[in-house]
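Next comes start-v1.txt, a file with compact mmCIF, C-alpha atoms.
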# COMPACT_ATOMS: atom_id res chain seq x y z
CA MET A 1 0.00 0.00 0.00
CA LYS A 2 1.30 3.42 -0.90
CA ASP A 3 -1.62 5.68 0.08
CA PHE A 4 -3.47 5.27 3.37
CA ALA A 5 -4.24 6.80 6.75
CA ALA A 6 -3.04 5.00 9.87
CA ILE A 7 -5.34 5.64 12.82
CA ASP A 8 -5.27 4.86 16.53
CA PHE A 9 -7.76 5.56 19.30
CA GLU A 10 -7.35 5.44 23.06
CA THR A 11 -10.47 4.99 25.19
CA ALA A 12 -11.41 6.27 28.65
CA ASN A 13 -13.33 3.19 29.74
CA ARG A 14 -14.68 -0.12 28.43
CA GLU A 15 -17.18 1.60 26.14
CA ARG A 16 -15.89 1.73 22.57
CA SER A 17 -17.49 5.15 22.16
CA SER A 18 -15.32 6.60 24.95
CA VAL A 19 -12.51 7.70 22.64
CA CYS A 20 -10.33 10.16 24.54
CA SER A 21 -7.54 10.65 22.01
CA VAL A 22 -6.87 10.00 18.35
CA GLY A 23 -3.76 9.90 16.22
CA VAL A 24 -3.78 9.88 12.42
CA VAL A 25 -0.81 9.56 10.07
CA ILE A 26 -1.28 10.20 6.35
CA VAL A 27 0.90 8.24 3.91
CA ARG A 28 1.02 9.09 0.21
CA GLU A 29 3.29 7.38 -2.30
CA GLY A 30 4.77 5.45 0.62
CA GLU A 31 5.88 8.59 2.50
CA ILE A 32 4.45 10.10 5.66
CA VAL A 33 3.14 13.50 4.58
CA ASP A 34 0.92 14.63 7.45
CA SER A 35 -0.21 13.76 10.95
CA PHE A 36 -2.87 14.80 13.41
CA TYR A 37 -3.37 14.32 17.14
CA SER A 38 -6.13 15.46 19.45
CA LEU A 39 -7.51 14.79 22.87
CA ILE A 40 -11.27 14.18 22.83
CA GLN A 41 -13.88 14.56 25.55
CA PRO A 42 -15.02 10.94 25.93
CA GLU A 43 -18.62 9.74 25.81
CA PRO A 44 -19.46 8.45 28.36
CA ASN A 45 -17.21 10.91 30.16
CA TYR A 46 -15.45 8.92 32.86
CA TYR A 47 -12.17 7.03 33.12
CA ASN A 48 -11.70 3.61 34.56
CA TYR A 49 -8.55 2.60 36.40
CA TRP A 50 -7.32 0.14 33.77
CA CYS A 51 -7.55 2.51 30.83
CA GLN A 52 -5.80 5.22 32.82
CA GLN A 53 -3.00 2.80 33.61
CA VAL A 54 -2.56 2.02 29.90
CA HIS A 55 -2.38 5.53 28.44
CA GLY A 56 -2.09 7.84 31.46
CA LEU A 57 -4.96 10.13 30.47
CA CYS A 58 -7.63 11.28 32.93
CA ASN A 59 -10.55 13.72 33.19
CA ALA A 60 -8.22 16.65 33.86
CA ASP A 61 -6.65 16.03 30.42
CA THR A 62 -9.91 15.96 28.47
CA ASP A 63 -12.43 18.07 30.40
CA SER A 64 -11.86 21.01 28.06
CA ALA A 65 -11.09 18.92 24.97
CA PRO A 66 -13.43 19.10 21.99
CA VAL A 67 -16.15 16.50 21.50
CA PHE A 68 -15.71 13.89 18.79
CA PRO A 69 -17.71 15.55 15.97
CA LYS A 70 -15.49 18.66 16.17
CA VAL A 71 -12.33 16.56 16.05
CA TRP A 72 -13.64 14.38 13.22
CA ALA A 73 -14.45 17.49 11.17
CA GLN A 74 -10.69 18.16 11.14
CA ILE A 75 -9.74 14.55 10.32
CA GLU A 76 -12.34 13.82 7.65
CA PRO A 77 -10.79 16.00 4.89
CA MET A 78 -7.33 14.56 5.65
CA ILE A 79 -8.44 10.96 5.12
CA GLU A 80 -10.85 11.49 2.24
CA GLY A 81 -10.50 8.70 -0.31
CA LEU A 82 -7.91 6.81 1.72
CA PRO A 83 -8.23 3.36 3.27
CA LEU A 84 -7.68 3.29 7.03
CA VAL A 85 -5.04 1.10 8.64
CA ALA A 86 -4.87 0.11 12.31
CA HIS A 87 -3.05 -2.45 14.43
CA ASN A 88 -5.94 -4.61 15.61
CA SER A 89 -8.39 -2.78 13.37
CA THR A 90 -11.33 -4.54 15.02
CA PHE A 91 -10.81 -2.30 18.05
CA ASP A 92 -10.27 0.99 16.20
CA GLU A 93 -13.03 0.37 13.65
CA GLY A 94 -15.34 -0.58 16.52
CA CYS A 95 -14.48 2.65 18.32
CA LEU A 96 -15.13 4.70 15.20
CA LYS A 97 -18.49 3.05 14.53
CA ALA A 98 -19.54 3.36 18.18
CA VAL A 99 -18.72 7.04 18.49
CA PHE A 100 -20.45 7.76 15.16
CA ARG A 101 -23.57 6.05 16.59
CA VAL A 102 -23.42 7.99 19.87
CA TYR A 103 -23.31 11.30 18.02
CA GLN A 104 -25.85 10.13 15.42
CA MET A 105 -23.43 10.75 12.56
CA ASP A 106 -23.72 8.90 9.24
CA TYR A 107 -20.92 6.33 9.06
CA PRO A 108 -19.39 6.26 5.56
CA ASP A 109 -18.18 2.60 5.62
CA TYR A 110 -14.47 3.29 5.80
CA GLU A 111 -12.27 0.54 4.37
CA PHE A 112 -9.99 -0.83 7.13
CA TYR A 113 -6.80 -2.87 6.86
CA ASP A 114 -5.26 -4.62 9.85
CA THR A 115 -1.48 -4.68 10.44
CA LEU A 116 -1.96 -7.14 13.31
CA ARG A 117 -3.60 -9.69 11.02
CA ALA A 118 -0.96 -9.08 8.35
CA ALA A 119 1.87 -9.46 10.86
CA ARG A 120 0.45 -12.74 12.18
CA SER A 121 0.44 -14.21 8.69
CA ARG A 122 3.73 -12.72 7.42
CA MET A 123 5.88 -12.57 10.55
CA ARG A 124 5.21 -15.90 12.24
CA SER A 125 8.60 -16.14 13.92
CA LEU A 126 7.99 -13.15 16.22
CA PRO A 127 7.48 -13.97 19.92
CA ASN A 128 4.21 -11.97 19.80
CA HIS A 129 2.48 -9.58 17.44
CA GLN A 130 1.98 -6.63 19.76
CA LEU A 131 2.41 -3.24 18.13
CA GLN A 132 5.81 -2.50 19.66
CA THR A 133 7.18 -5.95 18.74
CA VAL A 134 6.04 -5.77 15.12
CA ALA A 135 7.20 -2.16 14.80
CA GLU A 136 10.66 -3.10 16.06
CA ALA A 137 10.85 -6.02 13.61
CA CYS A 138 10.04 -3.51 10.84
CA GLY A 139 12.82 -1.17 11.97
CA TYR A 140 10.74 1.32 13.98
CA CYS A 141 11.40 2.08 17.65
CA LEU A 142 8.08 2.81 19.38
CA GLU A 143 9.04 4.97 22.35
CA ASN A 144 5.70 6.30 23.58
CA HIS A 145 3.40 3.27 23.31
CA HIS A 146 -0.30 4.01 23.95
CA HIS A 147 0.01 7.64 22.88
CA ALA A 148 -2.42 7.66 19.94
CA LEU A 149 -0.12 9.52 17.55
CA ALA A 150 2.93 7.41 18.42
CA ASP A 151 0.90 4.24 17.88
CA ALA A 152 -0.48 5.55 14.56
CA GLU A 153 3.09 6.34 13.43
CA ALA A 154 4.23 2.82 14.34
CA CYS A 155 1.24 1.38 12.49
CA ALA A 156 2.04 3.49 9.41
CA TRP A 157 5.63 2.25 9.47
CA ILE A 158 4.47 -1.38 9.73
CA ALA A 159 1.90 -0.93 6.95
CA ARG A 160 4.53 0.49 4.61
CA GLU A 161 6.65 -2.58 5.26
CA ILE A 162 4.14 -5.44 5.16
CA LEU A 163 0.90 -4.35 3.45
Translate this structure into structure tokens?
Amino acid sequence: MKDFAAIDFETANRERSSVCSVGVVIVREGEIVDSFYSLIQPEPNYYNYWCQQVHGLCNADTDSAPVFPKVWAQIEPMIEGLPLVAHNSTFDEGCLKAVFRVYQMDYPDYEFYDTLRAARSRMRSLPNHQLQTVAEACGYCLENHHHALADAEACAWIAREIL
């Protein structure tokens, strides 16, 4: 794949609609040409302990953040016409669909590709297929795992290598 948008969401709680941050990396002709990161006020707006432990975000970080429709209005023109790529796309696609439902937005059936699935079939000798492991095997050092933009960058790097 030469043209795509890598996307990653972090959530505040177990609800897929509770996206609290998003990272997007735009790749054209195999080169990273743009990126976007934003905190998002989650819906429902509470954080559980486990999610906070994963990404370190809390209410104080997102209380004055924009709601999802305002953030998506900035992302939508960036990704227009591009397939979306995520590591474990089932999660990120599920988040996107859930938050579109919560805000009663029309979901445009984005085309998703999964670097986790691709890594499992193409990189069988790895000890696991977690994002940081696959990224390292593809020559990318993921230093800020579970920051949405850092994870989207790692995913973009992996996708350029194996998709």
Legend entry - Spatial neighbours of Tyr110 in chain A, max dist 12 Å, only C-alpha atoms, sep filter under 4 positions, as a list in words: Phe4, Ala5, Ile7, Glu76, Ile79, Glu80, Gly81, Leu82, Pro83, Leu84, Val85, Ser89, Asp92, Glu93, Gly94, Leu96, Lys97, Phe100 and Asp106 of chain A
Legend entry - Shell around range 43-57 of chain A at 12 Å using all atoms listed in the file, local window under 2 positions removed, as a PyMOL selection string: chain A and resi 9-22+39-41+59-69+95+98-103+144-151
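CA of Ala86 in chain A is positioned 17.5 Å from CA of Tyr107 in chain A.
Omitting Thr115 in chain A and its sequence neighbours fewer than 6 positions away, and counting all atoms listed in the file, the residues within 10 Å are A:Ala6, A:Val85, A:Ala86, A:His87, A:Asn88, A:Ser89, A:Ser121, A:His129, A:Leu131, A:Val134, A:Cys155, A:Ala156, A:Trp157, A:Ile158, A:Ala159, A:Arg160, A:Glu161, A:Ile162, A:Leu163.
Across the model, the gap from CA of Met1 in chain A to CA of Val27 in chain A is 9.2 Å.
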Inset, instruction - Name the closest residue to Phe91 in chain A among the candidates A:Met123, A:Met78, A:Val71, A:Asp8; distances are taken between atoms, counting only C-alpha atoms. - result: A:Asp8
Centre, edges in Å (one decimal): axis-aligned box, range 57-67 of chain A, 4 Å padding on all six sides, as AutoDock Vina command-line options:
--center_x -10.6 --center_y 15.6 --center_z 27.7 --size_x 19.2 --size_y 18.9 --size_z 20.4
Inset, instruction - Mind giving me the straight-line distance from CA of Ser35 in chain A to CA of Trp72 in chain A in Å, one decimal? - result: 13.6 Å
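In this comparison, which uses all atoms listed in the file, the residue of A:Met105, A:Ala119, A:Ile75, A:Ala154 approaching Ile32 in chain A most closely is A:Ala154.
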